[in-house]
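> Enclosed is the structure file upload-v5.tsv (TSV, C-alpha atoms).
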chain	number	residue	atom	x	y	z
L	321	MET	CA	62.91	21.85	-11.79
L	322	LYS	CA	59.87	23.38	-13.29
L	323	LYS	CA	61.20	23.75	-16.71
L	324	VAL	CA	62.21	20.15	-16.86
L	325	ARG	CA	58.71	19.04	-15.97
L	326	ASP	CA	57.13	21.27	-18.52
L	327	ILE	CA	59.18	19.80	-21.25
L	328	ARG	CA	58.37	16.25	-20.28
L	329	LYS	CA	54.62	16.74	-20.11
L	330	PRO	CA	53.05	19.45	-22.19
L	331	ASP	CA	50.30	21.31	-20.38
L	332	ILE	CA	47.18	19.21	-21.09
L	333	LYS	CA	44.22	20.20	-19.00
L	334	ILE	CA	40.54	19.58	-19.12
L	335	ASP	CA	38.25	22.34	-18.08
L	336	MET	CA	35.96	20.77	-15.53
L	337	THR	CA	33.62	23.73	-15.16
L	338	PRO	CA	30.89	22.54	-17.59
L	339	LEU	CA	31.01	19.09	-16.04
L	340	VAL	CA	30.60	20.54	-12.59
L	341	ASP	CA	27.76	22.73	-13.84
L	342	VAL	CA	25.85	19.77	-15.21
L	343	ILE	CA	26.50	17.67	-12.14
L	344	MET	CA	25.34	20.52	-9.94
L	345	LEU	CA	22.10	20.76	-11.91
L	346	LEU	CA	21.51	17.02	-11.62
L	347	LEU	CA	22.28	17.13	-7.94
L	348	THR	CA	19.84	19.95	-7.37
L	349	PHE	CA	17.19	18.09	-9.34
L	350	PHE	CA	17.55	14.89	-7.36
L	351	MET	CA	17.77	16.72	-4.06
L	352	LEU	CA	14.54	18.55	-4.75
L	353	THR	CA	12.60	15.58	-6.09
L	354	ALA	CA	13.83	13.05	-3.59
L	355	THR	CA	11.33	11.63	-1.19
L	356	PHE	CA	12.80	9.45	1.44
L	357	LYS	CA	11.30	6.30	2.63
L	358	ALA	CA	11.94	5.29	6.15
L	359	ALA	CA	13.41	1.84	6.18
L	360	GLU	CA	10.76	0.57	8.54
L	361	SER	CA	7.92	1.47	6.19
L	362	GLU	CA	9.25	-0.95	3.63
L	363	ALA	CA	8.92	-3.89	5.93
L	364	ILE	CA	5.58	-4.82	4.45
L	365	GLU	CA	6.19	-5.54	0.84
L	366	VAL	CA	3.25	-5.89	-1.48
L	367	ALA	CA	3.14	-6.31	-5.23
L	368	LEU	CA	0.77	-3.51	-6.22
L	369	PRO	CA	-1.69	-3.97	-9.04
L	370	GLN	CA	-1.46	-1.72	-12.07
L	371	SER	CA	-3.99	0.76	-13.28
L	372	VAL	CA	-4.27	3.14	-16.18
L	373	TYR	CA	-6.60	5.51	-14.42
L	374	SER	CA	-5.24	7.92	-11.90
L	375	ASP	CA	-7.33	10.51	-10.16
L	376	PRO	CA	-5.68	13.81	-11.02
L	377	ASP	CA	-7.06	15.55	-7.93
L	378	ASN	CA	-6.23	12.75	-5.58
L	379	LYS	CA	-2.58	12.67	-4.64
L	380	MET	CA	-0.85	10.90	-1.84
L	381	LYS	CA	-0.45	13.29	1.06
L	382	GLU	CA	2.95	13.88	2.60
L	383	THR	CA	1.71	13.48	6.14
L	384	ASP	CA	-1.29	12.04	7.96
L	385	VAL	CA	-1.52	8.96	5.82
L	386	LEU	CA	-3.05	5.79	7.17
L	387	THR	CA	-1.75	2.85	5.21
L	388	LEU	CA	-3.50	-0.47	5.13
L	389	SER	CA	-1.34	-3.12	3.52
L	390	LEU	CA	-3.04	-6.29	2.37
L	391	THR	CA	-0.62	-9.15	2.00
L	392	LYS	CA	-0.95	-12.23	-0.12
L	393	ALA	CA	-1.46	-14.32	2.99
L	394	GLY	CA	-4.55	-12.32	3.90
L	395	ASP	CA	-3.17	-10.08	6.63
L	396	VAL	CA	-4.01	-6.43	6.98
L	397	PHE	CA	-1.24	-4.25	8.36
L	398	VAL	CA	-2.21	-0.90	9.84
L	399	ASP	CA	0.38	1.83	9.83
L	400	VAL	CA	0.42	5.60	10.16
L	401	ASP	CA	3.26	7.89	9.23
L	402	ASN	CA	3.44	9.62	12.60
L	403	TYR	CA	5.51	7.75	15.18
L	404	LYS	CA	3.94	9.66	18.06
L	405	ILE	CA	0.54	8.34	17.11
L	406	ARG	CA	1.97	4.85	16.69
L	407	GLU	CA	3.48	5.05	20.14
L	408	LYS	CA	0.16	6.04	21.69
L	409	ILE	CA	-1.86	3.39	19.92
L	410	PHE	CA	0.50	0.46	19.59
L	411	GLY	CA	2.74	1.18	22.57
L	412	GLU	CA	5.97	1.52	20.59
L	413	PRO	CA	7.04	4.13	18.08
L	414	PHE	CA	7.85	1.53	15.45
L	415	ALA	CA	5.14	-0.97	16.11
L	416	ILE	CA	2.64	-1.89	13.43
L	417	GLY	CA	-0.91	-3.18	13.75
L	418	LEU	CA	-2.01	-6.48	12.29
L	419	PHE	CA	-5.57	-7.52	11.66
L	420	ARG	CA	-6.47	-10.83	10.11
L	421	PRO	CA	-10.05	-10.97	8.81
L	422	ASP	CA	-9.84	-14.72	8.35
L	423	THR	CA	-10.09	-15.99	11.91
L	424	LEU	CA	-9.93	-19.66	11.03
L	425	SER	CA	-6.31	-19.88	10.01
L	426	PRO	CA	-3.48	-18.21	11.91
L	427	SER	CA	-1.42	-15.48	10.37
L	428	PRO	CA	1.92	-16.69	8.99
L	429	VAL	CA	3.51	-13.56	10.42
L	430	ALA	CA	2.90	-14.82	13.93
L	431	THR	CA	4.86	-18.03	13.34
L	432	THR	CA	7.51	-17.08	10.80
L	433	GLY	CA	7.76	-13.34	11.41
L	434	LYS	CA	7.88	-12.87	7.69
L	435	VAL	CA	5.79	-11.33	4.96
L	436	GLY	CA	6.67	-13.03	1.72
L	437	ASP	CA	10.36	-13.66	2.27
L	438	LYS	CA	11.04	-10.45	4.10
L	439	ASP	CA	11.34	-10.22	7.84
L	440	VAL	CA	9.02	-7.86	9.62
L	441	LYS	CA	11.48	-6.01	11.79
L	442	ARG	CA	8.85	-4.11	13.66
L	443	LYS	CA	6.83	-5.16	16.64
L	444	VAL	CA	3.51	-6.51	15.46
L	445	VAL	CA	0.36	-5.80	17.46
L	446	LEU	CA	-2.29	-8.38	16.72
L	447	MET	CA	-5.90	-7.28	16.71
L	448	ASN	CA	-9.27	-8.88	16.22
L	449	LYS	CA	-12.07	-7.26	14.25
L	450	ALA	CA	-13.48	-5.27	17.17
L	451	GLN	CA	-10.02	-4.10	18.24
L	452	PHE	CA	-9.15	-3.21	14.67
L	453	GLU	CA	-12.23	-1.05	14.26
L	454	LYS	CA	-11.60	0.58	17.62
L	455	THR	CA	-7.98	1.22	16.61
L	456	LEU	CA	-9.08	2.94	13.42
L	457	VAL	CA	-11.26	5.27	15.49
L	458	ASP	CA	-8.52	5.74	18.12
L	459	LEU	CA	-5.96	6.61	15.47
L	460	LYS	CA	-8.17	9.35	14.14
L	461	ASN	CA	-8.89	10.71	17.62
L	462	THR	CA	-5.19	10.70	18.51
L	463	LEU	CA	-4.37	12.57	15.33
L	464	ARG	CA	-7.01	15.14	16.19
L	465	SER	CA	-5.84	15.62	19.76
L	466	LEU	CA	-2.16	15.81	18.76
L	467	SER	CA	-2.74	18.30	15.99
L	468	ASN	CA	-5.33	20.29	17.96
L	469	ASN	CA	-7.54	20.16	14.94
L	470	LYS	CA	-11.00	18.74	15.36
L	471	ASN	CA	-11.36	18.13	11.66
L	472	ALA	CA	-7.98	16.56	11.04
L	473	ASN	CA	-8.29	13.32	9.19
L	474	PHE	CA	-6.13	10.63	7.74
L	475	GLN	CA	-5.89	9.91	4.09
L	476	VAL	CA	-6.69	6.24	4.05
L	477	VAL	CA	-4.78	4.35	1.40
L	478	ILE	CA	-4.97	0.64	0.71
L	479	LYS	CA	-1.94	-1.12	-0.63
L	480	GLY	CA	-3.23	-4.45	-1.72
L	481	ASP	CA	-1.13	-7.26	-3.06
L	482	LYS	CA	-2.19	-8.44	-6.52
L	483	ASP	CA	-2.80	-11.92	-5.27
L	484	THR	CA	-4.76	-11.09	-2.17
L	485	GLU	CA	-8.19	-12.64	-2.14
L	486	TYR	CA	-11.00	-10.15	-2.60
L	487	GLY	CA	-12.65	-11.46	0.56
L	488	VAL	CA	-9.97	-9.79	2.66
L	489	PHE	CA	-10.72	-6.49	0.98
L	490	GLU	CA	-14.45	-7.01	1.44
L	491	ASP	CA	-13.98	-7.52	5.17
L	492	LEU	CA	-11.68	-4.53	5.34
L	493	MET	CA	-14.28	-2.37	3.62
L	494	ALA	CA	-16.86	-3.47	6.16
L	495	SER	CA	-14.52	-2.44	8.99
L	496	LEU	CA	-13.72	0.87	7.34
L	497	HIS	CA	-17.40	1.58	6.93
L	498	GLU	CA	-18.00	0.61	10.53
L	499	SER	CA	-15.26	2.96	11.77
L	500	ASP	CA	-16.58	5.84	9.67
L	501	ASN	CA	-13.87	5.88	7.02
L	502	LYS	CA	-16.12	6.18	4.01
L	503	MET	CA	-13.49	7.42	1.64
L	504	PHE	CA	-10.28	5.67	0.80
L	505	SER	CA	-7.94	5.14	-2.09
L	506	LEU	CA	-6.34	2.14	-3.71
L	507	VAL	CA	-2.66	2.49	-4.43
L	508	THR	CA	-1.61	1.21	-7.81
L	509	THR	CA	1.32	1.57	-10.12
L	510	ILE	CA	1.16	3.08	-13.55
L	511	LYS	CA	0.12	0.93	-16.47
L	512	ALA	CA	0.53	2.17	-19.99
L	513	ASP	CA	-2.74	2.45	-21.82
L	514	LYS	CA	-2.77	0.14	-24.82
L	515	LYS	CA	-6.20	1.08	-26.05
L	516	GLU	CA	-5.80	4.76	-26.73
R	422	MET	CA	42.60	35.09	-17.87
R	423	ALA	CA	46.13	34.33	-18.54
R	424	GLY	CA	45.46	30.66	-19.08
R	425	GLY	CA	48.24	29.73	-16.77
R	426	GLY	CA	48.91	26.14	-15.86
R	427	PHE	CA	47.82	24.18	-12.81
R	428	ASP	CA	51.05	24.88	-11.14
R	429	ALA	CA	50.63	28.57	-11.58
R	430	PRO	CA	50.37	29.20	-7.81
R	431	GLU	CA	53.76	27.65	-7.32
R	432	ALA	CA	54.98	29.83	-10.05
R	433	GLY	CA	53.79	32.91	-8.22
R	434	GLY	CA	56.24	35.55	-9.16
R	435	GLY	CA	57.70	33.10	-11.59
R	436	LYS	CA	59.66	34.12	-14.55
R	437	GLY	CA	57.31	33.26	-17.43
R	438	ASN	CA	54.18	35.19	-16.60
R	439	LYS	CA	55.65	38.39	-15.43
R	440	HIS	CA	54.18	40.58	-18.11
R	441	LYS	CA	50.61	39.36	-18.13
R	442	GLN	CA	50.02	38.94	-14.40
R	443	LYS	CA	50.30	42.20	-12.68
R	444	LYS	CA	47.50	41.76	-10.16
R	445	GLY	CA	47.69	38.81	-7.76
R	446	ALA	CA	49.62	35.70	-8.45
R	447	GLY	CA	47.52	33.25	-10.56
R	448	VAL	CA	45.05	32.00	-7.96
R	449	ARG	CA	43.26	28.89	-8.97
R	450	ILE	CA	41.15	26.52	-7.05
R	451	ASP	CA	41.51	22.86	-7.60
R	452	MET	CA	37.96	21.69	-8.17
R	453	THR	CA	38.68	17.97	-8.05
R	454	PRO	CA	37.74	17.39	-4.38
R	455	MET	CA	34.57	19.38	-4.83
R	456	VAL	CA	33.60	17.39	-7.89
R	457	ASP	CA	34.31	14.21	-5.97
R	458	VAL	CA	32.00	15.21	-3.16
R	459	ILE	CA	29.29	16.38	-5.53
R	460	MET	CA	29.53	13.13	-7.45
R	461	LEU	CA	29.08	11.21	-4.23
R	462	LEU	CA	26.06	13.29	-3.27
R	463	LEU	CA	24.60	12.88	-6.73
R	464	THR	CA	24.99	9.13	-6.59
R	465	PHE	CA	23.41	9.07	-3.15
R	466	PHE	CA	20.36	11.05	-4.21
R	467	MET	CA	19.98	9.15	-7.44
R	468	LEU	CA	19.94	5.86	-5.61
R	469	THR	CA	17.71	6.83	-2.71
R	470	THR	CA	15.10	8.77	-4.58
R	471	THR	CA	11.84	7.24	-5.71
R	472	LEU	CA	10.53	9.16	-8.65
R	473	ALA	CA	7.33	7.39	-9.58
R	474	ALA	CA	4.66	8.66	-7.25
R	475	PRO	CA	2.08	5.98	-6.58
R	476	GLN	CA	-1.27	6.38	-8.25
R	477	LEU	CA	-4.45	6.52	-6.26
R	478	MET	CA	-7.92	5.36	-7.14
R	479	LYS	CA	-10.56	6.81	-4.91
R	480	ILE	CA	-13.40	4.68	-3.61
R	481	SER	CA	-16.29	6.10	-1.68
R	482	LEU	CA	-18.58	3.99	0.40
R	483	PRO	CA	-22.15	5.16	0.88
R	484	LYS	CA	-22.59	7.51	3.77
R	485	GLY	CA	-24.92	6.63	6.57
R	486	ASP	CA	-25.47	3.53	8.54
R	487	THR	CA	-25.59	0.03	7.16
R	488	LYS	CA	-29.09	-0.14	8.58
R	489	ASP	CA	-30.24	2.68	6.35
R	490	LYS	CA	-32.00	1.26	3.37
R	491	VAL	CA	-31.98	3.06	0.08
R	492	LYS	CA	-34.81	2.41	-2.29
R	493	VAL	CA	-33.57	1.73	-5.78
R	494	ASP	CA	-35.61	1.09	-8.86
R	495	MET	CA	-34.40	-2.34	-9.81
R	496	GLY	CA	-34.91	-1.44	-13.46
R	497	ASN	CA	-32.01	0.97	-13.16
R	498	VAL	CA	-29.60	-1.57	-11.83
R	499	LEU	CA	-26.70	-3.22	-13.55
R	500	TYR	CA	-25.26	-6.23	-11.84
R	501	VAL	CA	-21.53	-6.64	-12.28
R	502	ARG	CA	-20.54	-10.06	-11.07
R	503	CYS	CA	-17.13	-11.53	-11.08
R	504	SER	CA	-16.32	-15.17	-10.57
R	505	ASP	CA	-13.39	-16.55	-8.60
R	506	LYS	CA	-11.64	-17.13	-11.93
R	507	GLY	CA	-11.87	-13.45	-12.73
R	508	ASN	CA	-14.58	-13.61	-15.41
R	509	VAL	CA	-16.84	-10.59	-15.49
R	510	TYR	CA	-20.58	-10.90	-16.11
R	511	PHE	CA	-23.11	-8.14	-16.66
R	512	SER	CA	-26.83	-8.45	-16.26
R	513	ASP	CA	-29.58	-5.85	-16.23
R	514	GLY	CA	-32.02	-5.69	-13.40
R	515	LYS	CA	-35.72	-5.49	-14.14
R	516	SER	CA	-38.29	-3.46	-12.22
R	517	ASP	CA	-39.93	-6.63	-10.88
R	518	GLY	CA	-36.70	-7.66	-9.17
R	519	SER	CA	-35.63	-10.27	-11.68
R	520	GLU	CA	-32.75	-9.83	-14.03
R	521	THR	CA	-31.64	-10.71	-17.52
R	522	GLU	CA	-29.30	-13.49	-18.50
R	523	LEU	CA	-25.70	-13.05	-17.48
R	524	LYS	CA	-23.52	-11.80	-20.27
R	525	LYS	CA	-19.81	-12.41	-20.17
R	526	ILE	CA	-17.72	-9.29	-20.74
R	527	GLU	CA	-14.02	-9.28	-21.47
R	528	LEU	CA	-12.21	-7.38	-18.76
R	529	LYS	CA	-10.64	-4.97	-21.21
R	530	ASN	CA	-14.04	-4.13	-22.70
R	531	VAL	CA	-15.74	-3.29	-19.42
R	532	ALA	CA	-15.27	0.47	-19.83
R	533	THR	CA	-16.66	0.60	-23.36
R	534	GLU	CA	-19.59	-1.70	-22.47
R	535	LEU	CA	-20.41	0.51	-19.50
R	536	GLU	CA	-20.36	3.59	-21.69
R	537	LYS	CA	-22.76	1.91	-24.14
R	538	LEU	CA	-25.15	0.96	-21.35
R	539	PHE	CA	-25.00	4.39	-19.76
R	540	ALA	CA	-25.74	5.97	-23.12
R	541	LYS	CA	-29.07	4.11	-23.04
R	542	ASN	CA	-29.83	4.76	-19.38
R	543	ASN	CA	-27.91	7.40	-17.54
R	544	ASN	CA	-29.34	6.54	-14.13
R	545	LEU	CA	-27.75	3.14	-13.89
R	546	LEU	CA	-26.47	1.98	-10.56
R	547	LEU	CA	-23.73	-0.60	-10.59
R	548	LEU	CA	-24.10	-3.38	-8.09
R	549	LEU	CA	-20.71	-5.01	-7.72
R	550	LYS	CA	-20.71	-8.58	-6.59
R	551	PHE	CA	-17.26	-10.07	-6.45
R	552	ASP	CA	-16.41	-13.58	-5.40
R	553	ARG	CA	-14.40	-13.69	-2.19
R	554	LYS	CA	-11.88	-16.01	-3.78
R	555	MET	CA	-11.24	-13.60	-6.62
R	556	LYS	CA	-7.87	-11.91	-6.80
R	557	TYR	CA	-7.52	-8.33	-5.62
R	558	ASN	CA	-5.75	-7.60	-8.88
R	559	ILE	CA	-8.95	-8.20	-10.83
R	560	MET	CA	-10.94	-5.97	-8.53
R	561	ALA	CA	-8.38	-3.21	-9.18
R	562	ASP	CA	-8.69	-3.83	-12.92
R	563	ILE	CA	-12.47	-3.67	-12.85
R	564	PHE	CA	-12.30	-0.53	-10.77
R	565	ASP	CA	-9.81	0.91	-13.18
R	566	GLU	CA	-12.24	0.26	-16.03
R	567	ILE	CA	-15.15	1.79	-14.12
R	568	SER	CA	-13.06	4.85	-13.29
R	569	ARG	CA	-11.97	5.31	-16.87
R	570	ALA	CA	-15.44	4.95	-18.37
R	571	LYS	CA	-16.90	8.37	-19.00
R	572	ILE	CA	-19.95	7.74	-16.88
R	573	GLU	CA	-21.39	9.05	-13.69
R	574	LYS	CA	-20.02	6.68	-11.12
R	575	ARG	CA	-22.67	5.20	-8.92
R	576	TYR	CA	-21.81	1.88	-7.48
R	577	ALA	CA	-22.34	-0.25	-4.45
R	578	PHE	CA	-20.47	-3.27	-3.19
R	579	LEU	CA	-22.76	-6.15	-2.40
R	580	LYS	CA	-22.04	-9.52	-0.97
R	581	MET	CA	-21.80	-12.38	-3.41
R	582	GLU	CA	-24.51	-14.72	-2.19
R	583	GLU	CA	-24.79	-18.41	-2.86
R	584	ALA	CA	-27.42	-17.67	-5.52
R	585	ASP	CA	-24.99	-15.35	-7.29
R	586	VAL	CA	-22.28	-17.98	-7.26
R	587	GLN	CA	-24.71	-20.41	-8.86
R	588	LYS	CA	-25.70	-17.93	-11.54
R	589	VAL	CA	-22.10	-17.25	-12.38
R	590	THR	CA	-21.25	-20.96	-12.43
R	591	GLN	CA	-24.17	-21.58	-14.79
R	592	ALA	CA	-22.94	-18.86	-17.09
R	593	GLY	CA	-19.53	-20.47	-17.30
R	594	GLY	CA	-17.73	-19.79	-14.02
What is this structure when it is put down as structure tokens?


Amino acid sequence: MKKVRDIRKPDIKIDMTPLVDVIMLLLTFFMLTATFKAAESEAIEVALPQSVYSDPDNKMKETDVLTLSLTKAGDVFVDVDNYKIREKIFGEPFAIGLFRPDTLSPSPVATTGKVGDKDVKRKVVLMNKAQFEKTLVDLKNTLRSLSNNKNANFQVVIKGDKDTEYGVFEDLMASLHESDNKMFSLVTTIKADKKE
Amino acid sequence: MAGGGFDAPEAGGGKGNKHKQKKGAGVRIDMTPMVDVIMLLLTFFMLTTTLAAPQLMKISLPKGDTKDKVKVDMGNVLYVRCSDKGNVYFSDGKSDGSETELKKIELKNVATELEKLFAKNNNLLLLLKFDRKMKYNIMADIFDEISRAKIEKRYAFLKMEEADVQKVTQAGG
């Protein structure tokens, strides 16, 4: 049997070891650099503005991040990365806070349940200005009591949509100032510098 | 190694290799399933990973209460106004509270203009007055320019009053 086969097909073989080596390296690289995004955090989609400048000492923290997403329609979504805190403040682990500075027109999220053309799959907790400011304080206090650290603080990041009106941001700044969040960061994407 | 074929294990104790293989019958591991799995894992990680970390621009609001008033020499003030159309205007404050004519600045030149002005007066305080109808994008751009300018960053956000809107409209909107 064997001999017959050998004659028909001469022994061609490819050594896969280098291939496996390279693939292993790539795999290790991607495994180590990967940061996973929970599906629910992508519910609020905003088109971030671009910036050339990036603060080298100011990086996005892995935990304890308070995200304020400003949508085109003028809504402010409040989210934290810790589901325990969300549960305490919003009542459900996957709920998200919504504050609309413009009180005259209703939020489109309330009627359509959508931001842009994406469904918000999470429970939305609507807040007015006073509730929003109280929530910001409550969030911080909950973080401090849960972590048993009196000085624990959120990194406040603002993800604004390019086309949001500045007025929304102005109102948000007033609320942040009111709730003693004097330092925050704008999230942008990288823009290549054409000047230098 | 003897360089035996894939089917060497079957040929354990076979006739051909007798001389070379004294220890153990040619043991080889078929790597194909492993490579398959690794390939799958690789694809998974390549698709799920997000490599570009978002950039952050830090903004600090003044400490203290809104009621606290800070005395500023109006001669050291630079008004940065921005209309709803996204046009940027500079004007210098004067010690008597008035200010110079509004000067239109191209957005991409804001950083260099600021550096020029700070070279003359290093104690300048930027008073930012942005129209509420302006796009957030432009605010980010202006902030980008301010951050990139090699100046000591002192700024305050002020409300764009009706008078400011008029000034900006007069200067071209």

> Taking only C-alpha atoms into account, name the residue in L:Pro376, L:Pro330, L:Pro369, L:Gly394 that is nearest to chain R.

L:Pro369

> Contacts of Asp552 of chain R at 6 Å or less, counting only C-alpha atoms, minus same-chain residues fewer than 3 places along, as a list in words?

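Those residues are Ser504, Asp505, Met555 and Met581 of chain R.
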
> Quick one: distance from atom CA of Phe578 of chain R to atom CA of Phe564 of chain R in Å, one decimal?

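About the pair atom CA of Phe578 of chain R and atom CA of Phe564 of chain R: they are 11.5 Å apart.
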
> Please find the residues of chain R near chain L - the criterion being any atom within 9 Å, counting only C-alpha atoms - and write them as number ranges by chain.

R: 426-427, 432, 452-453, 455-456, 459-460, 462-464, 466-467, 469-487, 529, 551-562, 564-566, 568-569, 578, 580

> Atom CA of Pro413 of chain L and atom CA of Phe474 of chain L, how far apart in Å?

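Taking atom CA of Phe474 of chain L as the start and atom CA of Pro413 of chain L as the end point, the length is 18.0 Å.
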
> With 5 Å of padding per side, what axis-aligned box (centre and edge lengths, Å, one decimal) covers all the listed atoms of segment 446-450 of chain R? Give it as AutoDock Vina command-line options.


--center_x 45.4 --center_y 31.1 --center_z -8.8 --size_x 18.5 --size_y 19.2 --size_z 13.5

> Could you check which of R:Asp451, R:Leu548, R:Arg502, R:Ile567 is closest to Val531 of chain R, using all atoms listed in the file?

R:Ile567

> For Lys408 of chain L, which residue out of L:Leu466, L:Ala472, L:Ala512, L:Val342 is the nearest one, using all atoms listed in the file?

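Closest residue, counting all atoms listed in the file: L:Leu466.
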
> Give me, please, the distance in Å between atom CA of Thr391 of chain L and atom CA of Leu468 of chain R, quoted to one decimal.

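For atom CA of Thr391 of chain L relative to atom CA of Leu468 of chain R, the distance reads 26.6 Å.
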
> Compile the contact shell of Leu418 of chain L as a PyMOL selection string: residues with an atom at most 8 Å away, counting all atoms listed in the file, same-chain residues fewer than 3 positions apart removed.

chain L and resi 395-398+444-447

> Can you pull out every residue within 9 Å of Val400 of chain L, counting all atoms listed in the file, but drop anything in the same chain fewer than 5 positions away, and send it as a list in words?

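Contacts, in chain order: Thr383, Asp384, Val385, Leu386, Thr387, Leu388, Ile405, Arg406, Ile416, Leu459 and Phe474 of chain L.
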
> Do you know which residues lie at most 10 Å from (-30.4, 0.3, -22.0), with coordinates as in the file and only C-alpha atoms counted, and could you write them as a ChimeraX atom specification?

/R:496-497,499,513,537-543,545

> Can you spit out the residues from that selection as a PDB file, keeping the file's coordinate frame, using C-alpha atoms?


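New file selection_8.pdb:
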ATOM      1  CA  GLY R 496     -34.910  -1.440 -13.460  1.00  0.00           C
ATOM      2  CA  ASN R 497     -32.010   0.970 -13.160  1.00  0.00           C
ATOM      3  CA  LEU R 499     -26.700  -3.220 -13.550  1.00  0.00           C
ATOM      4  CA  ASP R 513     -29.580  -5.850 -16.230  1.00  0.00           C
ATOM      5  CA  LYS R 537     -22.760   1.910 -24.140  1.00  0.00           C
ATOM      6  CA  LEU R 538     -25.150   0.960 -21.350  1.00  0.00           C
ATOM      7  CA  PHE R 539     -25.000   4.390 -19.760  1.00  0.00           C
ATOM      8  CA  ALA R 540     -25.740   5.970 -23.120  1.00  0.00           C
ATOM      9  CA  LYS R 541     -29.070   4.110 -23.040  1.00  0.00           C
ATOM     10  CA  ASN R 542     -29.830   4.760 -19.380  1.00  0.00           C
ATOM     11  CA  ASN R 543     -27.910   7.400 -17.540  1.00  0.00           C
ATOM     12  CA  LEU R 545     -27.750   3.140 -13.890  1.00  0.00           C
TER      13      LEU R 545
END

> Applying 8 Å and only C-alpha atoms, which residues near Met495 of chain R remain after dropping the ones on its own chain fewer than 5 positions away? List them as a ChimeraX atom specification.

/R:514-518

> Neighbouring residues of Val435 of chain L were defined as those with any atom within 8 Å, considering only C-alpha atoms; residues of the same chain fewer than 5 positions away were excluded. Please report them as a CSV table (one decimal) with C-alpha atoms, in the coordinates of the input.


chain,number,residue,atom,x,y,z
L,364,ILE,CA,5.6,-4.8,4.4
L,365,GLU,CA,6.2,-5.5,0.8
L,391,THR,CA,-0.6,-9.2,2.0
L,428,PRO,CA,1.9,-16.7,9.0
L,429,VAL,CA,3.5,-13.6,10.4
L,440,VAL,CA,9.0,-7.9,9.6
